[in-house]
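Structure file query33.pdb; described as PDB, C-alpha atoms.
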ATOM      1  CA  MET A   7      69.861  60.288  27.445
ATOM      2  CA  ASP A   8      68.223  60.659  24.049
ATOM      3  CA  PRO A   9      67.349  57.130  22.949
ATOM      4  CA  SER A  10      68.096  58.130  19.341
ATOM      5  CA  GLU A  11      71.753  58.616  20.152
ATOM      6  CA  SER A  12      74.271  55.972  19.150
ATOM      7  CA  VAL A  13      76.103  54.491  22.087
ATOM      8  CA  VAL A  14      79.869  54.090  22.356
ATOM      9  CA  SER A  15      79.504  50.609  23.794
ATOM     10  CA  GLU A  16      82.055  48.323  25.367
ATOM     11  CA  ASN A  17      81.568  44.923  26.897
ATOM     12  CA  VAL A  18      82.001  45.830  30.554
ATOM     13  CA  ALA A  19      82.617  42.256  31.627
ATOM     14  CA  ALA A  20      85.331  41.886  29.012
ATOM     15  CA  GLU A  21      86.887  45.141  30.124
ATOM     16  CA  ASN A  22      87.057  43.944  33.711
ATOM     17  CA  ALA A  23      88.646  40.729  32.469
ATOM     18  CA  ALA A  24      91.350  42.808  30.865
ATOM     19  CA  ASP A  25      92.641  43.602  34.348
ATOM     20  CA  PRO A  26      93.703  40.211  35.798
ATOM     21  CA  GLN A  27      95.777  41.131  38.414
ATOM     22  CA  SER A  28     109.531  53.245  10.650
ATOM     23  CA  VAL A  29     109.509  56.346  10.731
ATOM     24  CA  VAL A  30     108.328  58.966  13.135
ATOM     25  CA  GLN A  31     105.822  61.173  11.340
ATOM     26  CA  ALA A  32     105.439  64.779  12.392
ATOM     27  CA  PRO A  33     101.962  65.341  13.870
ATOM     28  CA  GLU A  34      99.614  67.730  12.156
ATOM     29  CA  PRO A  35      99.631  71.186  13.733
ATOM     30  CA  PRO A  36      96.593  71.600  16.017
ATOM     31  CA  ARG A  37      93.773  73.710  14.697
ATOM     32  CA  GLY A  38      93.381  77.047  16.415
ATOM     33  CA  PHE A  39      90.652  77.697  18.940
ATOM     34  CA  ILE A  40      88.600  79.863  16.563
ATOM     35  CA  ALA A  41      88.909  77.347  13.738
ATOM     36  CA  GLU A  42      87.821  74.467  16.000
ATOM     37  CA  TRP A  43      84.770  76.331  17.193
ATOM     38  CA  THR A  44      83.921  77.447  13.661
ATOM     39  CA  VAL A  45      83.857  73.821  12.508
ATOM     40  CA  THR A  46      81.833  72.802  15.559
ATOM     41  CA  ILE A  47      79.215  75.516  15.054
ATOM     42  CA  ILE A  48      78.873  74.747  11.350
ATOM     43  CA  LEU A  49      78.312  71.076  12.133
ATOM     44  CA  LEU A  50      75.782  71.938  14.824
ATOM     45  CA  LEU A  51      73.836  74.248  12.520
ATOM     46  CA  PHE A  52      73.992  72.337   9.248
ATOM     47  CA  GLY A  53      75.232  68.869  10.053
ATOM     48  CA  THR A  54      73.272  65.717   9.355
ATOM     49  CA  THR A  55      74.073  62.162  10.297
ATOM     50  CA  THR A  56      76.502  62.111   7.372
ATOM     51  CA  LEU A  57      78.567  64.891   8.975
ATOM     52  CA  VAL A  58      78.108  64.698  12.723
ATOM     53  CA  GLN A  59      76.752  62.107  15.117
ATOM     54  CA  ALA A  60      76.019  62.020  18.826
ATOM     55  CA  PHE A  61      77.569  59.420  21.121
ATOM     56  CA  VAL A  62      77.661  58.786  24.835
ATOM     57  CA  ILE A  63      80.526  57.271  26.853
ATOM     58  CA  PRO A  64      79.259  54.364  29.022
ATOM     59  CA  THR A  65      82.561  53.036  30.438
ATOM     60  CA  GLY A  66      85.683  54.393  32.072
ATOM     61  CA  SER A  67      88.344  53.211  29.617
ATOM     62  CA  MET A  68      89.196  56.803  28.584
ATOM     63  CA  GLU A  69      89.200  58.374  32.067
ATOM     64  CA  ASP A  70      90.018  61.070  32.913
ATOM     65  CA  THR A  71      90.040  62.466  29.375
ATOM     66  CA  LEU A  72      86.467  61.310  28.806
ATOM     67  CA  LEU A  73      84.154  60.361  31.660
ATOM     68  CA  ILE A  74      81.248  57.985  31.930
ATOM     69  CA  GLY A  75      78.242  60.066  30.927
ATOM     70  CA  ASP A  76      80.036  62.433  28.546
ATOM     71  CA  HIS A  77      77.837  63.057  25.503
ATOM     72  CA  LEU A  78      79.913  63.803  22.401
ATOM     73  CA  LEU A  79      79.460  65.199  18.936
ATOM     74  CA  VAL A  80      81.662  63.311  16.494
ATOM     75  CA  ASP A  81      82.963  64.735  13.218
ATOM     76  CA  LYS A  82      82.368  61.996  10.629
ATOM     77  CA  LEU A  83      83.816  64.039   7.778
ATOM     78  CA  ASP A  84      87.477  64.389   8.762
ATOM     79  CA  PHE A  85      88.381  60.698   8.530
ATOM     80  CA  ALA A  86      85.860  59.805   5.801
ATOM     81  CA  PRO A  87      87.244  58.099   2.690
ATOM     82  CA  ALA A  88      88.097  60.707   0.064
ATOM     83  CA  GLY A  89      86.199  60.625  -3.215
ATOM     84  CA  ALA A  90      87.642  61.272  -6.651
ATOM     85  CA  ILE A  91      86.460  64.896  -6.625
ATOM     86  CA  THR A  92      85.722  65.668  -2.967
ATOM     87  CA  LYS A  93      89.307  64.945  -1.943
ATOM     88  CA  PHE A  94      90.268  68.247  -3.573
ATOM     89  CA  VAL A  95      87.696  70.385  -1.729
ATOM     90  CA  LEU A  96      87.073  68.698   1.633
ATOM     91  CA  PRO A  97      89.568  68.370   4.532
ATOM     92  CA  TYR A  98      89.934  64.601   4.600
ATOM     93  CA  SER A  99      92.855  63.241   6.634
ATOM     94  CA  ASP A 100      94.168  60.042   8.147
ATOM     95  CA  PRO A 101      94.243  59.560  11.928
ATOM     96  CA  GLN A 102      97.506  60.631  13.530
ATOM     97  CA  ARG A 103      99.195  59.456  16.709
ATOM     98  CA  GLY A 104      97.467  61.020  19.681
ATOM     99  CA  ASP A 105      94.092  61.455  17.961
ATOM    100  CA  ILE A 106      91.022  60.238  19.822
ATOM    101  CA  ILE A 107      88.901  58.197  17.436
ATOM    102  CA  VAL A 108      85.463  56.620  17.392
ATOM    103  CA  PHE A 109      85.412  53.304  15.536
ATOM    104  CA  ARG A 110      83.515  50.095  15.031
ATOM    105  CA  TYR A 111      84.853  47.409  17.348
ATOM    106  CA  PRO A 112      86.723  44.892  15.136
ATOM    107  CA  GLU A 113      85.356  41.894  17.034
ATOM    108  CA  ASP A 114      81.743  43.101  16.759
ATOM    109  CA  ILE A 115      81.078  45.995  14.382
ATOM    110  CA  LYS A 116      77.669  46.558  15.979
ATOM    111  CA  GLN A 117      79.563  48.012  18.933
ATOM    112  CA  THR A 118      81.335  51.356  18.823
ATOM    113  CA  PHE A 119      84.464  52.157  20.812
ATOM    114  CA  VAL A 120      86.436  55.301  21.544
ATOM    115  CA  LYS A 121      90.217  55.141  22.092
ATOM    116  CA  ARG A 122      93.409  57.055  21.389
ATOM    117  CA  VAL A 123      95.584  56.237  18.375
ATOM    118  CA  MET A 124      98.972  55.119  19.659
ATOM    119  CA  GLY A 125     100.411  53.663  16.469
ATOM    120  CA  VAL A 126      99.977  54.321  12.747
ATOM    121  CA  PRO A 127     101.106  52.041   9.904
ATOM    122  CA  GLY A 128     104.792  51.221  10.197
ATOM    123  CA  ASP A 129     105.119  52.124  13.885
ATOM    124  CA  ARG A 130     106.834  49.825  16.366
ATOM    125  CA  ILE A 131     105.251  49.640  19.837
ATOM    126  CA  HIS A 132     105.926  47.891  23.103
ATOM    127  CA  LEU A 133     105.260  48.484  26.810
ATOM    128  CA  GLU A 134     107.715  48.146  29.673
ATOM    129  CA  ASN A 135     106.394  48.432  33.217
ATOM    130  CA  LYS A 136     103.264  50.268  32.008
ATOM    131  CA  ARG A 137     105.271  52.778  29.903
ATOM    132  CA  VAL A 138     104.836  52.926  26.134
ATOM    133  CA  TRP A 139     107.826  52.862  23.795
ATOM    134  CA  LEU A 140     107.196  54.073  20.240
ATOM    135  CA  ASN A 141     109.765  53.581  17.488
ATOM    136  CA  GLY A 142     112.561  53.212  20.017
ATOM    137  CA  HIS A 143     111.824  56.083  22.386
ATOM    138  CA  LEU A 144     109.820  56.393  25.589
ATOM    139  CA  LEU A 145     106.616  58.404  25.322
ATOM    140  CA  ASP A 146     105.574  61.222  27.615
ATOM    141  CA  GLU A 147     101.855  60.642  28.192
ATOM    142  CA  PRO A 148     100.315  63.230  30.544
ATOM    143  CA  TYR A 149      96.801  62.065  29.617
ATOM    144  CA  VAL A 150      97.310  58.506  30.923
ATOM    145  CA  MET A 151      95.808  57.241  34.190
ATOM    146  CA  HIS A 152      97.159  54.238  36.114
ATOM    147  CA  LYS A 153      94.709  53.079  38.759
ATOM    148  CA  THR A 154      96.530  49.938  39.887
ATOM    149  CA  ASP A 155      99.998  49.671  41.405
ATOM    150  CA  TYR A 156     100.834  46.085  40.486
ATOM    151  CA  LEU A 157     102.427  45.054  37.195
ATOM    152  CA  ASP A 158     100.656  42.587  34.952
ATOM    153  CA  SER A 159     102.947  40.460  32.797
ATOM    154  CA  TYR A 160     100.868  40.907  29.637
ATOM    155  CA  ARG A 161      99.013  44.197  30.061
ATOM    156  CA  ASP A 162     102.013  46.184  31.300
ATOM    157  CA  ASN A 163     104.881  44.408  29.495
ATOM    158  CA  PHE A 164     103.416  44.052  26.034
ATOM    159  CA  PRO A 165     103.753  42.112  23.767
ATOM    160  CA  ASN A 166     104.181  39.036  25.897
ATOM    161  CA  ASP A 167     102.633  35.640  26.463
ATOM    162  CA  PRO A 168      98.946  36.236  27.274
ATOM    163  CA  ASN A 169      97.948  35.348  30.820
ATOM    164  CA  LEU A 170      94.220  35.363  29.997
ATOM    165  CA  PRO A 171      92.090  34.608  26.936
ATOM    166  CA  ILE A 172      92.487  37.186  24.180
ATOM    167  CA  TYR A 173      90.449  37.756  21.039
ATOM    168  CA  PRO A 174      91.375  36.254  17.655
ATOM    169  CA  GLY A 175      92.549  39.602  16.299
ATOM    170  CA  ALA A 176      95.062  39.953  19.123
ATOM    171  CA  GLN A 177      96.220  36.372  18.706
ATOM    172  CA  ALA A 178      96.830  36.989  15.002
ATOM    173  CA  MET A 179      98.674  40.197  15.859
ATOM    174  CA  LEU A 180     101.005  38.382  18.265
ATOM    175  CA  GLU A 181     101.659  35.623  15.721
ATOM    176  CA  HIS A 182     102.240  37.754  12.620
ATOM    177  CA  ASN A 183     103.062  41.326  13.645
ATOM    178  CA  VAL A 184     105.706  41.038  16.366
ATOM    179  CA  LYS A 185     109.333  41.684  15.459
ATOM    180  CA  ASN A 186     112.180  42.033  17.943
ATOM    181  CA  SER A 187     109.666  42.015  20.831
ATOM    182  CA  GLU A 188     107.694  44.932  19.352
ATOM    183  CA  VAL A 189     104.319  45.074  17.630
ATOM    184  CA  VAL A 190     104.675  46.480  14.105
ATOM    185  CA  VAL A 191     101.507  48.169  12.827
ATOM    186  CA  PRO A 192     100.681  46.909   9.304
ATOM    187  CA  PRO A 193      99.465  49.084   6.400
ATOM    188  CA  GLY A 194      95.799  50.053   6.654
ATOM    189  CA  TYR A 195      95.601  49.521  10.421
ATOM    190  CA  PHE A 196      96.044  51.452  13.671
ATOM    191  CA  PHE A 197      96.971  50.518  17.236
ATOM    192  CA  ALA A 198      94.612  52.097  19.794
ATOM    193  CA  MET A 199      94.630  52.230  23.595
ATOM    194  CA  GLY A 200      92.496  53.736  26.338
ATOM    195  CA  ASP A 201      93.829  56.532  28.533
ATOM    196  CA  ASN A 202      92.700  54.593  31.628
ATOM    197  CA  ARG A 203      95.481  52.221  30.763
ATOM    198  CA  ASP A 204      94.944  49.597  33.493
ATOM    199  CA  PHE A 205      91.215  49.212  32.749
ATOM    200  CA  SER A 206      90.936  49.398  28.995
ATOM    201  CA  LEU A 207      89.850  46.729  26.552
ATOM    202  CA  ASP A 208      92.012  47.872  23.644
ATOM    203  CA  SER A 209      94.381  46.731  20.895
ATOM    204  CA  ARG A 210      96.385  44.709  23.368
ATOM    205  CA  TYR A 211      93.395  42.385  23.738
ATOM    206  CA  TRP A 212      91.652  42.442  20.330
ATOM    207  CA  GLY A 213      94.274  43.622  17.833
ATOM    208  CA  PHE A 214      94.465  46.445  15.302
ATOM    209  CA  VAL A 215      91.762  48.877  14.192
ATOM    210  CA  PRO A 216      91.144  48.617  10.428
ATOM    211  CA  ARG A 217      91.117  52.001   8.701
ATOM    212  CA  GLN A 218      87.632  51.347   7.300
ATOM    213  CA  ASN A 219      86.252  50.852  10.836
ATOM    214  CA  ILE A 220      87.042  54.417  11.903
ATOM    215  CA  ILE A 221      83.908  56.562  12.090
ATOM    216  CA  GLY A 222      85.292  59.930  13.095
ATOM    217  CA  ARG A 223      86.876  62.290  15.578
ATOM    218  CA  PRO A 224      85.092  63.532  18.738
ATOM    219  CA  LEU A 225      84.743  67.304  18.608
ATOM    220  CA  VAL A 226      83.024  68.525  21.732
ATOM    221  CA  ILE A 227      81.298  67.370  24.928
ATOM    222  CA  TYR A 228      77.877  68.946  24.576
ATOM    223  CA  TRP A 229      76.563  67.492  27.838
ATOM    224  CA  SER A 230      78.044  65.472  30.690
ATOM    225  CA  TYR A 231      75.790  63.670  33.153
ATOM    226  CA  ASP A 232      76.787  61.557  36.130
ATOM    227  CA  ALA A 233      75.058  58.276  35.271
ATOM    228  CA  SER A 234      75.921  54.608  35.697
ATOM    229  CA  THR A 235      77.493  52.325  33.116
ATOM    230  CA  GLU A 236      74.421  50.087  33.371
ATOM    231  CA  ASP A 237      72.078  52.913  32.360
ATOM    232  CA  LEU A 238      74.273  54.223  29.571
ATOM    233  CA  SER A 239      75.033  50.800  28.085
ATOM    234  CA  ASN A 240      71.352  50.085  27.578
ATOM    235  CA  PRO A 241      70.503  50.622  23.876
ATOM    236  CA  SER A 242      67.173  52.152  24.860
ATOM    237  CA  ALA A 243      66.613  54.694  27.606
ATOM    238  CA  THR A 244      65.160  53.056  30.705
ATOM    239  CA  LEU A 245      62.349  54.657  32.673
ATOM    240  CA  SER A 246      64.522  54.843  35.770
ATOM    241  CA  HIS A 247      67.255  56.678  33.851
ATOM    242  CA  LEU A 248      64.783  59.136  32.333
ATOM    243  CA  LEU A 249      63.323  59.842  35.772
ATOM    244  CA  ASP A 250      66.814  60.290  37.169
ATOM    245  CA  VAL A 251      67.607  62.876  34.485
ATOM    246  CA  VAL A 252      64.341  64.748  35.082
ATOM    247  CA  ILE A 253      64.815  64.857  38.843
ATOM    248  CA  HIS A 254      68.571  65.369  39.077
ATOM    249  CA  PHE A 255      69.408  67.238  35.872
ATOM    250  CA  PRO A 256      70.681  70.395  37.629
ATOM    251  CA  THR A 257      72.762  68.588  40.253
ATOM    252  CA  LYS A 258      74.147  65.625  38.262
ATOM    253  CA  THR A 259      75.021  67.552  35.132
ATOM    254  CA  ARG A 260      78.750  68.270  35.098
ATOM    255  CA  TRP A 261      78.391  71.879  34.052
ATOM    256  CA  PRO A 262      82.130  72.671  33.760
ATOM    257  CA  ARG A 263      82.435  69.975  31.051
ATOM    258  CA  THR A 264      79.630  71.428  28.902
ATOM    259  CA  PHE A 265      80.891  72.472  25.445
ATOM    260  CA  ARG A 266      84.426  71.378  26.273
ATOM    261  CA  LEU A 267      86.426  70.818  23.101
ATOM    262  CA  ILE A 268      88.141  67.437  22.759
ATOM    263  CA  ARG A 269      91.733  67.880  21.653
ATOM    264  CA  SER A 270      94.338  65.484  20.380
ATOM    265  CA  TYR A 271      97.726  65.218  22.042
ATOM    266  CA  PRO A 272     100.800  65.189  19.789
ATOM    267  CA  VAL A 273     102.271  61.739  20.371
ATOM    268  CA  LYS A 274     105.772  61.829  18.839
TER     269      LYS A 274
END
For this file, produce the structure as structure tokens.
Amino acid sequence: MDPSESVVSENVAAENAADPQSVVQAPEPPRGFIAEWTVTIILLLFGTTTLVQAFVIPTGSMEDTLLIGDHLLVDKLDFAPAGAITKFVLPYSDPQRGDIIVFRYPEDIKQTFVKRVMGVPGDRIHLENKRVWLNGHLLDEPYVMHKTDYLDSYRDNFPNDPNLPIYPGAQAMLEHNVKNSEVVVPPGYFFAMGDNRDFSLDSRYWGFVPRQNIIGRPLVIYWSYDASTEDLSNPSATLSHLLDVVIHFPTKTRWPRTFRLIRSYPVK
């Protein structure tokens, strides 16, 4: 792993602790294959840190959409705040339901998380028996993984009385943003969850994502390497990890994932 890369970091211990036992807006039409690759190539050729940034996934909260060891290029332009003039010439947009976003963790902005947007301002959200209800209807979520069979009273039937310590942002959310047993997303905020729903430290545990915390949208997996969370969570590349890459690069690289585009899913 290039030590100059920024790391999409999550507190692994906190993530393990997370597993103790309106109006519907039409999603934006997906960009075509050629258009997506055109944007990706332009960013690769001409991008700087103001346009594109490299990240690596160190934890499994987005499995199987994103795997531990996936190295991503993130478009920092799409969700950037629009300027007085640039808003007329550049394709700025707000995150939509189903978008995968990279953002600064609200409880510690030095850390960077990647999750899927499940609720935009004004949306009403709750979970029943692991299933997500959005604005009164049950969602079809083919991207979601459930890796435990048991039901947790808070994680899987949310919002509810917490059965473990939660972060201040989540406590404030439960106190001020719950109406008729649903979380209502306030203006300027988003509700985000991991696709590995039973093992994800997400908005259920730390609250909403402020709009200004959102860095960008992952575009492409440029390299995927089968490495451990311990190695990838280290802010600097360890000697053992570098040796592992040198020795096992051909066999531990997940070649089928190379240059795989990362697509949103239209959550309606």
Using all atoms listed in the file, which residues sit within 8 Å of segment 205-213 of chain A once same-chain residues fewer than 5 positions away are excluded, as a short mmCIF file (atom, residue, chain, number, x, y, z; two decimals) with C-alpha atoms, in the frame of the given file?
data_model
loop_
_atom_site.label_atom_id
_atom_site.label_comp_id
_atom_site.auth_asym_id
_atom_site.auth_seq_id
_atom_site.Cartn_x
_atom_site.Cartn_y
_atom_site.Cartn_z
CA ALA A 20 85.33 41.89 29.01
CA GLU A 21 86.89 45.14 30.12
CA ASN A 22 87.06 43.94 33.71
CA ALA A 24 91.35 42.81 30.86
CA ASP A 25 92.64 43.60 34.35
CA GLY A 66 85.68 54.39 32.07
CA SER A 67 88.34 53.21 29.62
CA MET A 68 89.20 56.80 28.58
CA PRO A 112 86.72 44.89 15.14
CA GLU A 113 85.36 41.89 17.03
CA LYS A 121 90.22 55.14 22.09
CA LYS A 153 94.71 53.08 38.76
CA ARG A 161 99.01 44.20 30.06
CA PHE A 164 103.42 44.05 26.03
CA PRO A 165 103.75 42.11 23.77
CA ILE A 172 92.49 37.19 24.18
CA TYR A 173 90.45 37.76 21.04
CA PRO A 174 91.38 36.25 17.66
CA GLY A 175 92.55 39.60 16.30
CA ALA A 176 95.06 39.95 19.12
CA GLN A 177 96.22 36.37 18.71
CA ALA A 178 96.83 36.99 15.00
CA MET A 179 98.67 40.20 15.86
CA PHE A 197 96.97 50.52 17.24
CA ALA A 198 94.61 52.10 19.79
CA MET A 199 94.63 52.23 23.60
CA GLY A 200 92.50 53.74 26.34
#
Reference answer for the PyMOL selection byres ((chain A and resi 138) around 12), as a PyMOL selection string: chain A and resi 124-125+130-137+139-147+150+161-165+188-189+199+201+203+273-274
Atomic separation - atom CA of Lys258 of chain A relative to atom CA of Leu238 of chain A, Å: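 Calculated distance between atom CA of Leu238 of chain A and atom CA of Lys258 of chain A is 14.3 Å.
Put simply, atom CA of Leu78 of chain A is 5.6 Å away from atom CA of Ala60 of chain A.
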Top pick for closest residue to Ile63 of chain A, considering A:Pro262, A:Pro272, A:Pro224, A:Pro168 and counting only C-alpha atoms: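 Going through A:Pro262, A:Pro272, A:Pro224, A:Pro168 one by one, the smallest distance to Ile63 of chain A is for A:Pro224.
For the atom pair formed by atom CA of Leu170 of chain A and atom CA of Ile221 of chain A, the distance is 29.6 Å, given to one decimal.
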The PyMOL selection byres ((chain A and resi 77) around 9) resolved against shown file, as a list in words: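 Applying the expression gives Met7, Ala60, Phe61, Val62, Ile63, Ile74, Gly75, Asp76, Leu78, Leu79, Val226, Ile227, Tyr228, Trp229, Ser230 and Tyr231 of chain A.
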Target residues per the PyMOL selection byres ((chain A and resi 108) around 6), formatted as a list in words: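 After applying the PyMOL selection byres ((chain A and resi 108) around 6), what remains is Ile107, Phe109, Phe119, Val120, Ile221 and Gly222 of chain A.
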Distance criterion (all atoms listed in the file): nearest to Phe255 of chain A out of A:Ile220, A:Asp232, A:Tyr98, A:Gln117: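 Counting all atoms listed in the file, the residue closest to Phe255 of chain A is A:Asp232.
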Who sits within 6 Å of Leu225 of chain A, only C-alpha atoms, same chain under 3 positions skipped, as a PyMOL selection string: chain A and resi 79-80+267-268
Export C-alpha atoms of the chosen residues as a compact mmCIF listing (two decimals), in the frame of the given file?
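The new file again-v2.txt reads:
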# COMPACT_ATOMS: atom_id res chain seq x y z
CA LEU A 79 79.46 65.20 18.94
CA VAL A 80 81.66 63.31 16.49
CA LEU A 267 86.43 70.82 23.10
CA ILE A 268 88.14 67.44 22.76
Who sits within 9 Å of Tyr195 of chain A, only C-alpha atoms, same chain under 5 positions skipped, as a PyMOL selection string: chain A and resi 125-127+214-218
Residues from last step as file, C-alpha atoms, as a PDB file, keeping the file's coordinate frame:
ATOM      1  CA  GLY A 125     100.411  53.663  16.469  1.00  0.00           C
ATOM      2  CA  VAL A 126      99.977  54.321  12.747  1.00  0.00           C
ATOM      3  CA  PRO A 127     101.106  52.041   9.904  1.00  0.00           C
ATOM      4  CA  PHE A 214      94.465  46.445  15.302  1.00  0.00           C
ATOM      5  CA  VAL A 215      91.762  48.877  14.192  1.00  0.00           C
ATOM      6  CA  PRO A 216      91.144  48.617  10.428  1.00  0.00           C
ATOM      7  CA  ARG A 217      91.117  52.001   8.701  1.00  0.00           C
ATOM      8  CA  GLN A 218      87.632  51.347   7.300  1.00  0.00           C
TER       9      GLN A 218
END
Once 4 Å is added on each side, what centre and edge lengths in Å to one decimal does the axis-aligned box around all listed atoms of segment 188-207 of chain A have, as AutoDock Vina command-line options?
--center_x 98.8 --center_y 50.7 --center_z 19.9 --size_x 25.8 --size_y 19.6 --size_z 35.1
Nearest residue to Pro101 of chain A from the set A:Leu245, A:Ala86, A:Ala233, A:Leu73 (distances using only C-alpha atoms):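 Checking each of A:Leu245, A:Ala86, A:Ala233, A:Leu73 against Pro101 of chain A, counting only C-alpha atoms, the winner is A:Ala86.
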